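Okay, upload.cif now, which holds mmCIF, C-alpha atoms, pLDDT in the B column; chains and numbers go by the auth columns:
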data_coords
#
loop_
_atom_site.group_PDB
_atom_site.id
_atom_site.type_symbol
_atom_site.label_atom_id
_atom_site.label_comp_id
_atom_site.label_asym_id
_atom_site.label_seq_id
_atom_site.Cartn_x
_atom_site.Cartn_y
_atom_site.Cartn_z
_atom_site.B_iso_or_equiv
_atom_site.auth_seq_id
_atom_site.auth_asym_id
ATOM 1 C CA MET A 1 0.470 1.871 -0.328 58.00 529 J
ATOM 2 C CA LYS A 2 2.525 4.780 1.033 64.00 530 J
ATOM 3 C CA ASN A 3 2.567 3.201 4.509 73.00 531 J
ATOM 4 C CA LYS A 4 3.775 -0.119 3.096 80.00 532 J
ATOM 5 C CA LEU A 5 6.556 1.635 1.188 85.00 533 J
ATOM 6 C CA LEU A 6 7.621 3.507 4.343 82.00 534 J
ATOM 7 C CA TYR A 7 7.708 0.273 6.364 84.00 535 J
ATOM 8 C CA LEU A 8 9.721 -1.431 3.600 89.00 536 J
ATOM 9 C CA ILE A 9 12.297 1.395 3.510 90.00 537 J
ATOM 10 C CA LEU A 10 12.639 1.366 7.309 90.00 538 J
ATOM 11 C CA ILE A 11 13.078 -2.415 7.381 92.00 539 J
ATOM 12 C CA LEU A 12 15.736 -2.320 4.629 94.00 540 J
ATOM 13 C CA ILE A 13 17.647 0.405 6.507 95.00 541 J
ATOM 14 C CA ILE A 14 17.443 -1.639 9.714 95.00 542 J
ATOM 15 C CA ILE A 15 18.712 -4.808 8.003 96.00 543 J
ATOM 16 C CA PHE A 16 21.629 -2.981 6.365 96.00 544 J
ATOM 17 C CA GLY A 17 22.416 -1.200 9.642 95.00 545 J
ATOM 18 C CA ALA A 18 22.354 -4.505 11.545 96.00 546 J
ATOM 19 C CA ILE A 19 24.884 -5.973 9.089 96.00 547 J
ATOM 20 C CA VAL A 20 27.202 -2.959 9.469 96.00 548 J
ATOM 21 C CA TYR A 21 26.839 -3.080 13.255 94.00 549 J
ATOM 22 C CA ALA A 22 27.627 -6.818 13.327 95.00 550 J
ATOM 23 C CA ILE A 23 30.800 -6.228 11.282 94.00 551 J
ATOM 24 C CA LYS A 24 32.046 -2.882 12.628 93.00 552 J
ATOM 25 C CA GLY A 25 29.881 -1.923 15.591 92.00 553 J
ATOM 26 C CA PHE A 26 29.203 1.758 16.267 94.00 554 J
ATOM 27 C CA ASN A 27 31.800 4.462 15.767 94.00 555 J
ATOM 28 C CA LYS A 28 31.691 5.666 19.375 93.00 556 J
ATOM 29 C CA GLU A 29 32.493 9.173 20.545 93.00 557 J
ATOM 30 C CA LEU A 30 35.985 9.557 21.983 91.00 558 J
ATOM 31 C CA ASN A 31 34.592 9.632 25.534 89.00 559 J
ATOM 32 C CA TYR A 32 33.142 6.126 25.056 93.00 560 J
ATOM 33 C CA SER A 33 35.783 4.416 22.883 92.00 561 J
ATOM 34 C CA ASN A 34 39.126 2.809 23.759 93.00 562 J
ATOM 35 C CA ARG A 35 41.292 5.767 24.700 94.00 563 J
ATOM 36 C CA GLN A 36 44.214 7.125 26.656 94.00 564 J
ATOM 37 C CA GLU A 37 44.251 10.272 28.740 94.00 565 J
ATOM 38 C CA PHE A 38 46.278 12.220 31.248 93.00 566 J
ATOM 39 C CA GLU A 39 45.412 14.949 33.711 92.00 567 J
ATOM 40 C CA ILE A 40 47.121 18.280 34.185 91.00 568 J
ATOM 41 C CA SER A 41 46.531 20.767 36.988 87.00 569 J
ATOM 42 C CA SER A 42 47.809 24.185 37.949 84.00 570 J
ATOM 43 C CA ALA A 43 47.520 26.702 40.759 80.00 571 J
ATOM 44 C CA SER A 44 45.855 29.059 38.270 79.00 572 J
ATOM 45 C CA THR A 45 42.869 28.434 35.999 80.00 573 J
ATOM 46 C CA LEU A 46 43.878 26.695 32.787 84.00 574 J
ATOM 47 C CA ASP A 47 42.588 27.971 29.429 86.00 575 J
ATOM 48 C CA GLU A 48 40.713 24.965 28.024 88.00 576 J
ATOM 49 C CA ILE A 49 40.669 26.268 24.427 91.00 577 J
ATOM 50 C CA LYS A 50 44.394 27.118 24.458 92.00 578 J
ATOM 51 C CA ILE A 51 45.320 23.722 25.918 92.00 579 J
ATOM 52 C CA GLU A 52 43.257 21.958 23.249 93.00 580 J
ATOM 53 C CA GLU A 53 45.045 23.927 20.517 93.00 581 J
ATOM 54 C CA ILE A 54 48.402 22.871 21.966 93.00 582 J
ATOM 55 C CA ALA A 55 47.335 19.213 22.258 94.00 583 J
ATOM 56 C CA LYS A 56 46.078 19.185 18.646 94.00 584 J
ATOM 57 C CA SER A 57 49.337 20.738 17.420 93.00 585 J
ATOM 58 C CA VAL A 58 51.216 17.760 18.886 94.00 586 J
ATOM 59 C CA ILE A 59 48.698 14.980 18.130 93.00 587 J
ATOM 60 C CA THR A 60 47.804 15.763 14.521 90.00 588 J
ATOM 61 C CA ASP A 61 46.598 12.421 13.150 87.00 589 J
ATOM 62 C CA ARG A 62 44.065 11.418 15.821 89.00 590 J
ATOM 63 C CA GLY A 63 41.060 12.875 17.556 89.00 591 J
ATOM 64 C CA VAL A 64 41.883 14.965 20.631 93.00 592 J
ATOM 65 C CA LYS A 65 39.568 16.260 23.327 92.00 593 J
ATOM 66 C CA VAL A 66 40.301 18.476 26.314 92.00 594 J
ATOM 67 C CA GLN A 67 37.755 18.798 29.098 89.00 595 J
ATOM 68 C CA LYS A 68 37.540 20.107 32.628 87.00 596 J
ATOM 69 C CA LEU A 69 37.551 17.712 35.537 81.00 597 J
ATOM 70 C CA GLU A 70 34.275 18.031 37.418 67.00 598 J
ATOM 71 C CA ARG A 71 35.856 18.039 40.832 68.00 599 J
ATOM 72 C CA PHE A 72 38.460 20.716 40.054 63.00 600 J
ATOM 73 C CA ASN A 73 38.265 24.136 38.389 69.00 601 J
ATOM 74 C CA ASN A 74 41.994 24.270 37.672 81.00 602 J
ATOM 75 C CA ALA A 75 42.444 20.765 36.236 88.00 603 J
ATOM 76 C CA LEU A 76 41.982 19.379 32.735 91.00 604 J
ATOM 77 C CA GLU A 77 42.183 15.979 31.124 93.00 605 J
ATOM 78 C CA ILE A 78 43.598 15.501 27.643 93.00 606 J
ATOM 79 C CA ILE A 79 42.054 12.572 25.777 95.00 607 J
ATOM 80 C CA SER A 80 42.947 10.787 22.541 94.00 608 J
ATOM 81 C CA THR A 81 42.694 7.299 21.082 93.00 609 J
ATOM 82 C CA SER A 82 46.379 6.842 21.925 93.00 610 J
ATOM 83 C CA ILE A 83 49.032 9.053 23.510 94.00 611 J
ATOM 84 C CA SER A 84 52.724 8.205 23.600 93.00 612 J
ATOM 85 C CA GLU A 85 55.088 9.316 26.373 93.00 613 J
ATOM 86 C CA GLU A 86 56.843 11.560 23.866 93.00 614 J
ATOM 87 C CA GLU A 87 53.584 13.216 22.858 94.00 615 J
ATOM 88 C CA LYS A 88 52.608 13.736 26.476 94.00 616 J
ATOM 89 C CA GLU A 89 55.982 15.308 27.225 94.00 617 J
ATOM 90 C CA ASN A 90 55.766 17.600 24.172 94.00 618 J
ATOM 91 C CA ILE A 91 52.259 18.738 25.161 94.00 619 J
ATOM 92 C CA ILE A 92 53.300 19.497 28.734 93.00 620 J
ATOM 93 C CA ASN A 93 56.454 21.324 27.618 93.00 621 J
ATOM 94 C CA LYS A 94 54.413 23.462 25.212 93.00 622 J
ATOM 95 C CA ILE A 95 51.856 24.246 27.914 92.00 623 J
ATOM 96 C CA ASN A 96 54.601 25.268 30.331 91.00 624 J
ATOM 97 C CA GLU A 97 56.238 27.419 27.680 91.00 625 J
ATOM 98 C CA GLU A 98 53.175 29.099 26.172 90.00 626 J
ATOM 99 C CA CYS A 99 51.020 29.367 29.297 87.00 627 J
ATOM 100 C CA ASN A 100 53.819 30.111 31.777 87.00 628 J
ATOM 101 C CA GLU A 101 53.066 27.003 33.850 87.00 629 J
ATOM 102 C CA SER A 102 55.299 24.531 35.687 87.00 630 J
ATOM 103 C CA ILE A 103 53.502 21.220 35.211 88.00 631 J
ATOM 104 C CA SER A 104 55.645 18.191 36.023 87.00 632 J
ATOM 105 C CA ASN A 105 56.035 15.623 33.264 87.00 633 J
ATOM 106 C CA GLU A 106 57.323 12.939 35.625 86.00 634 J
ATOM 107 C CA ASN A 107 54.288 13.155 37.910 86.00 635 J
ATOM 108 C CA THR A 108 51.812 13.027 35.022 90.00 636 J
ATOM 109 C CA LYS A 109 50.758 9.510 34.082 93.00 637 J
ATOM 110 C CA ILE A 110 48.960 8.270 30.991 94.00 638 J
ATOM 111 C CA ILE A 111 45.876 6.184 31.791 94.00 639 J
ATOM 112 C CA SER A 112 44.361 3.629 29.398 94.00 640 J
ATOM 113 C CA ILE A 113 40.567 3.254 29.445 93.00 641 J
ATOM 114 C CA THR A 114 38.527 0.555 27.705 93.00 642 J
ATOM 115 C CA SER A 115 35.460 1.418 25.645 92.00 643 J
ATOM 116 C CA THR A 116 32.057 1.748 27.281 92.00 644 J
ATOM 117 C CA ARG A 117 29.470 -0.888 26.371 93.00 645 J
ATOM 118 C CA ILE A 118 26.513 0.280 24.268 92.00 646 J
ATOM 119 C CA ILE A 119 24.053 -0.907 26.931 92.00 647 J
ATOM 120 C CA ASP A 120 25.853 1.195 29.555 93.00 648 J
ATOM 121 C CA ILE A 121 25.686 4.278 27.312 93.00 649 J
ATOM 122 C CA LEU A 122 21.948 3.775 26.770 92.00 650 J
ATOM 123 C CA LYS A 123 21.130 2.746 30.355 91.00 651 J
ATOM 124 C CA PRO A 124 20.312 6.280 31.660 91.00 652 J
ATOM 125 C CA TYR A 125 17.716 6.659 28.885 90.00 653 J
ATOM 126 C CA LEU A 126 15.970 3.282 29.217 90.00 654 J
ATOM 127 C CA LEU A 127 13.814 3.759 32.337 91.00 655 J
ATOM 128 C CA PRO A 128 12.535 7.259 31.365 91.00 656 J
ATOM 129 C CA ALA A 129 11.812 5.921 27.858 91.00 657 J
ATOM 130 C CA ILE A 130 9.813 2.951 29.204 92.00 658 J
ATOM 131 C CA ILE A 131 7.816 5.154 31.599 94.00 659 J
ATOM 132 C CA THR A 132 6.970 7.825 28.994 92.00 660 J
ATOM 133 C CA PHE A 133 6.214 5.216 26.319 93.00 661 J
ATOM 134 C CA SER A 134 3.788 3.418 28.654 93.00 662 J
ATOM 135 C CA ALA A 135 2.108 6.727 29.516 94.00 663 J
ATOM 136 C CA VAL A 136 1.770 7.610 25.819 93.00 664 J
ATOM 137 C CA LEU A 137 0.212 4.211 25.025 93.00 665 J
ATOM 138 C CA LEU A 138 -2.367 4.640 27.810 93.00 666 J
ATOM 139 C CA TYR A 139 -3.112 8.166 26.577 92.00 667 J
ATOM 140 C CA PHE A 140 -3.627 6.971 23.007 93.00 668 J
ATOM 141 C CA LEU A 141 -5.852 4.082 24.116 91.00 669 J
ATOM 142 C CA PHE A 142 -7.992 6.410 26.239 90.00 670 J
ATOM 143 C CA LEU A 143 -8.333 9.122 23.625 89.00 671 J
ATOM 144 C CA TYR A 144 -8.533 7.084 20.412 89.00 672 J
ATOM 145 C CA ASN A 145 -10.253 3.832 21.446 87.00 673 J
ATOM 146 C CA LYS A 146 -12.903 4.550 18.770 84.00 674 J
ATOM 147 C CA LEU A 147 -10.271 3.673 16.152 87.00 675 J
ATOM 148 C CA GLY A 148 -9.881 0.168 17.556 87.00 676 J
ATOM 149 C CA ILE A 149 -7.620 -0.872 20.403 88.00 677 J
ATOM 150 C CA LYS A 150 -5.644 -3.333 18.259 90.00 678 J
ATOM 151 C CA MET A 151 -4.908 -0.787 15.516 89.00 679 J
ATOM 152 C CA VAL A 152 -3.958 1.965 17.968 90.00 680 J
ATOM 153 C CA LEU A 153 -1.638 -0.354 19.910 91.00 681 J
ATOM 154 C CA MET A 154 -0.019 -1.743 16.761 91.00 682 J
ATOM 155 C CA LYS A 155 0.751 1.683 15.291 90.00 683 J
ATOM 156 C CA ALA A 156 1.680 3.328 18.605 92.00 684 J
ATOM 157 C CA ILE A 157 4.188 0.583 19.402 92.00 685 J
ATOM 158 C CA SER A 158 5.614 -0.238 15.974 91.00 686 J
ATOM 159 C CA ILE A 159 6.141 3.225 14.471 91.00 687 J
ATOM 160 C CA PRO A 160 8.247 4.857 17.256 92.00 688 J
ATOM 161 C CA ILE A 161 10.313 1.678 17.683 93.00 689 J
ATOM 162 C CA LEU A 162 10.898 1.291 13.940 93.00 690 J
ATOM 163 C CA PHE A 163 11.939 4.932 13.595 93.00 691 J
ATOM 164 C CA GLU A 164 14.341 4.670 16.552 95.00 692 J
ATOM 165 C CA ILE A 165 15.956 1.461 15.303 95.00 693 J
ATOM 166 C CA ALA A 166 16.197 2.859 11.761 96.00 694 J
ATOM 167 C CA TYR A 167 17.810 6.022 13.141 96.00 695 J
ATOM 168 C CA TYR A 168 20.478 4.028 15.002 96.00 696 J
ATOM 169 C CA ALA A 169 20.951 1.882 11.876 97.00 697 J
ATOM 170 C CA ILE A 170 21.717 5.082 9.923 96.00 698 J
ATOM 171 C CA ILE A 171 24.205 6.068 12.657 96.00 699 J
ATOM 172 C CA ALA A 172 25.947 2.702 12.238 96.00 700 J
ATOM 173 C CA ILE A 173 25.946 2.919 8.420 96.00 701 J
ATOM 174 C CA THR A 174 27.177 6.510 8.152 96.00 702 J
ATOM 175 C CA ARG A 175 29.759 6.044 10.967 94.00 703 J
ATOM 176 C CA ILE A 176 28.553 9.190 12.744 94.00 704 J
ATOM 177 C CA PRO A 177 30.073 9.129 16.257 94.00 705 J
ATOM 178 C CA PHE A 178 27.688 7.378 18.652 95.00 706 J
ATOM 179 C CA GLY A 179 27.239 9.073 22.029 92.00 707 J
ATOM 180 C CA ARG A 180 25.505 11.895 23.842 90.00 708 J
ATOM 181 C CA ILE A 181 24.653 13.967 20.753 92.00 709 J
ATOM 182 C CA THR A 182 23.171 11.058 18.782 94.00 710 J
ATOM 183 C CA ASN A 183 21.183 9.901 21.821 94.00 711 J
ATOM 184 C CA SER A 184 19.813 13.420 22.332 92.00 712 J
ATOM 185 C CA LEU A 185 18.710 13.456 18.685 95.00 713 J
ATOM 186 C CA ALA A 186 17.090 10.042 19.218 95.00 714 J
ATOM 187 C CA ILE A 187 14.900 11.605 21.924 93.00 715 J
ATOM 188 C CA GLY A 188 13.867 14.311 19.454 94.00 716 J
ATOM 189 C CA ILE A 189 12.967 11.684 16.820 94.00 717 J
ATOM 190 C CA TYR A 190 10.935 9.784 19.426 94.00 718 J
ATOM 191 C CA ILE A 191 8.982 12.951 20.322 93.00 719 J
ATOM 192 C CA LEU A 192 8.385 13.747 16.628 94.00 720 J
ATOM 193 C CA SER A 193 7.111 10.224 15.943 93.00 721 J
ATOM 194 C CA ILE A 194 4.679 10.474 18.879 93.00 722 J
ATOM 195 C CA GLY A 195 3.531 13.881 17.627 92.00 723 J
ATOM 196 C CA ALA A 196 2.992 12.538 14.103 91.00 724 J
ATOM 197 C CA LEU A 197 1.025 9.582 15.483 92.00 725 J
ATOM 198 C CA SER A 198 -1.138 11.909 17.552 92.00 726 J
ATOM 199 C CA ILE A 199 -1.986 13.995 14.474 92.00 727 J
ATOM 200 C CA CYS A 200 -2.717 10.841 12.447 90.00 728 J
ATOM 201 C CA PHE A 201 -4.994 9.395 15.142 90.00 729 J
ATOM 202 C CA GLN A 202 -6.762 12.716 15.633 90.00 730 J
ATOM 203 C CA ASN A 203 -7.477 13.028 11.900 88.00 731 J
ATOM 204 C CA GLU A 204 -8.849 9.486 11.785 88.00 732 J
ATOM 205 C CA LYS A 205 -10.986 10.131 14.862 86.00 733 J
ATOM 206 C CA GLU A 206 -12.425 13.316 13.380 86.00 734 J
ATOM 207 C CA LYS A 207 -13.162 11.441 10.157 86.00 735 J
ATOM 208 C CA ILE A 208 -15.124 8.785 12.086 83.00 736 J
ATOM 209 C CA ILE A 209 -16.996 11.449 14.067 80.00 737 J
ATOM 210 C CA MET A 210 -17.880 13.249 10.829 84.00 738 J
ATOM 211 C CA GLU A 211 -19.087 10.018 9.214 78.00 739 J
ATOM 212 C CA GLU A 212 -21.247 9.237 12.261 75.00 740 J
ATOM 213 C CA LYS A 213 -22.667 12.757 12.186 76.00 741 J
ATOM 214 C CA ASN A 214 -23.486 12.527 8.480 73.00 742 J
ATOM 215 C CA LYS A 215 -25.081 9.121 8.984 71.00 743 J
ATOM 216 C CA LYS A 216 -27.209 10.476 11.826 69.00 744 J
ATOM 217 C CA GLU A 217 -28.331 13.448 9.715 65.00 745 J
ATOM 218 C CA ASN A 218 -29.220 11.156 6.802 65.00 746 J
ATOM 219 C CA ASP A 219 -31.219 8.874 9.096 61.00 747 J
ATOM 220 C CA GLU A 220 -33.210 11.862 10.340 58.00 748 J
#

So, in terms of structure tokens, how does the structure I just supplied come out?
Amino acid sequence: MKNKLLYLILILIIIFGAIVYAIKGFNKELNYSNRQEFEISSASTLDEIKIEEIAKSVITDRGVKVQKLERFNNALEIISTSISEEEKENIINKINEECNESISNENTKIISITSTRIIDILKPYLLPAIITFSAVLLYFLFLYNKLGIKMVLMKAISIPILFEIAYYAIIAITRIPFGRITNSLAIGIYILSIGALSICFQNEKEKIIMEEKNKKENDE
């Protein structure tokens, strides 16, 4: 009864999440959504925290992110959903004034970037997930074949997948930004579901072993 209720709750969450996703999609992290950005560089090392404070003081009604460019230690990119030429100029002027820099406004261009597709965000996780999932299934079948191959396969496949889909449905419903953090948490949920399955299978196996032992003792 408890298992049926759990499955029902998960399915309802998935259905509601699918409706929200169909209407609104995911609320993607700034790094994956439609955005504009520009790069600034200096001869000296730029203070990332200070630059972000300056950018947020100019762009007050939208999300702003400042991050280092991987190929340069003295270059940063300032990212927001939209950045006007006036905002860019104000940010650069403030940086020059407060950080004693001489960054050129004329040579700094705003770049528009389209959102990243969901499949492209998930792509780095797919192959490792398939490999580990296959290994886990083989492990469960080898260790818990006494419980019945069909039952082990059904639970081992359905439960992790249902929990993952339900988790992403909750992300869609609650409008939590979809991206690296949510995908990292999804890995944790996957590991927890496998751990819970392992405990469940082990308990059932021990129960069968105990029943067989009791039966053998009674026969003697």

Of the candidates J:Asn742, J:Asn731, J:Asn711, J:Ser610, which shows the shortest atom-to-atom distance to Ser640 of chain J, using all atoms listed in the file?
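Using all atoms listed in the file, Ser640 of chain J sits closest to J:Ser610.
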
Min atom-atom distance to Ser643 of chain J from the set J:Arg563, J:Lys578, J:Lys678, J:Lys596, counting only C-alpha atoms, belongs to J:Arg563

Matched chain/residue IDs from the PyMOL selection byres ((chain J and resi 586) around 9), as a list in words
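With the shown file as input, the PyMOL selection byres ((chain J and resi 586) around 9) matches Glu581, Ile582, Ala583, Lys584, Ser585, Ile587, Thr588, Glu615, Lys616, Asn618 and Ile619 of chain J.
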
Leaving out Leu671 of chain J and any residue of its chain fewer than 4 positions from it, which residues lie within 10 Å of it when counting all atoms listed in the file, given as a PDB file with C-alpha atoms, keeping the file's coordinate frame?
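Saved as around-v6.pdb:
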ATOM      1  CA  LEU J 665       0.212   4.211  25.025  1.00 93.00           C
ATOM      2  CA  LEU J 666      -2.367   4.640  27.810  1.00 93.00           C
ATOM      3  CA  TYR J 667      -3.112   8.166  26.577  1.00 92.00           C
ATOM      4  CA  LEU J 675     -10.271   3.673  16.152  1.00 87.00           C
ATOM      5  CA  SER J 726      -1.138  11.909  17.552  1.00 92.00           C
ATOM      6  CA  PHE J 729      -4.994   9.395  15.142  1.00 90.00           C
ATOM      7  CA  GLN J 730      -6.762  12.716  15.633  1.00 90.00           C
ATOM      8  CA  LYS J 733     -10.986  10.131  14.862  1.00 86.00           C
TER       9      LYS J 733
END

Take the PyMOL selection byres ((chain J and resi 617) around 12), apply it to the structure above, and return the hits as a PyMOL selection string.
chain J and resi 566+568+582-583+586-587+611-616+618-624+631-638

Can you list, as a list in words, the residues that the PyMOL selection byres ((chain J and resi 554) around 10) selects here?
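Selection result, ordered by chain and number: Gly545, Val548, Tyr549, Ala550, Ile551, Lys552, Gly553, Asn555, Lys556, Glu557, Ser561, Ile646, Tyr696, Ala697, Ile699, Ala700, Ile701, Thr702, Arg703, Ile704, Pro705, Phe706 and Gly707 of chain J.
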
For atom CA of Leu720 of chain J and atom CA of Val680 of chain J, the interatomic separation in Å (one decimal)
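According to the coordinates, atom CA of Leu720 of chain J and atom CA of Val680 of chain J are separated by 17.1 Å.
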
Set the distance at 9 Å and use all atoms listed in the file: which residues neighbour Ile722 of chain J once local chain neighbours fewer than 5 positions away are removed? I'd like the list as a list in words.
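That gives Val664, Ala684, Ile687, Pro688, Ile717 and Ile727 of chain J.
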
Rounded to one decimal place, report the atom CA of Leu534 of chain J-atom CA of Phe661 of chain J distance in Å.
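Taking atom CA of Leu534 of chain J and atom CA of Phe661 of chain J, their separation equals 22.1 Å.
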
Do you know which residues lie at most 6 Å from (38.4, 8.2, 21.8), with coordinates as in the file and all atoms listed in the file counted, and could you write them as a list in words?
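Residues lying no farther than 6 Å from the given point: Leu558, Asn559, Ser561, Asn562, Arg563, Ser608 and Thr609 of chain J.
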
Might you pull out every residue within 10 Å of Asp575 of chain J, with only C-alpha atoms counted and same-chain residues fewer than 5 positions away left off, and present them as a PyMOL selection string?
chain J and resi 580+596+602-604+627

In Å to one decimal, how far is atom CA of Arg708 of chain J from atom CA of Glu567 of chain J?
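Those two atoms sit 22.4 Å apart.
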
Within 6 Å of Ile606 of chain J, counting all atoms listed in the file, which residues show up once you throw out same-chain ones fewer than 2 positions away? Write them as a VMD selection string, please.
chain J and resid 565 to 566 593 to 594

Skip Tyr718 of chain J itself and residues of its chain fewer than 5 positions away, then list as a PyMOL selection string all residues within 10 Å of it, counting all atoms listed in the file.
chain J and resi 657+661+687-689+691-692+713+723-724
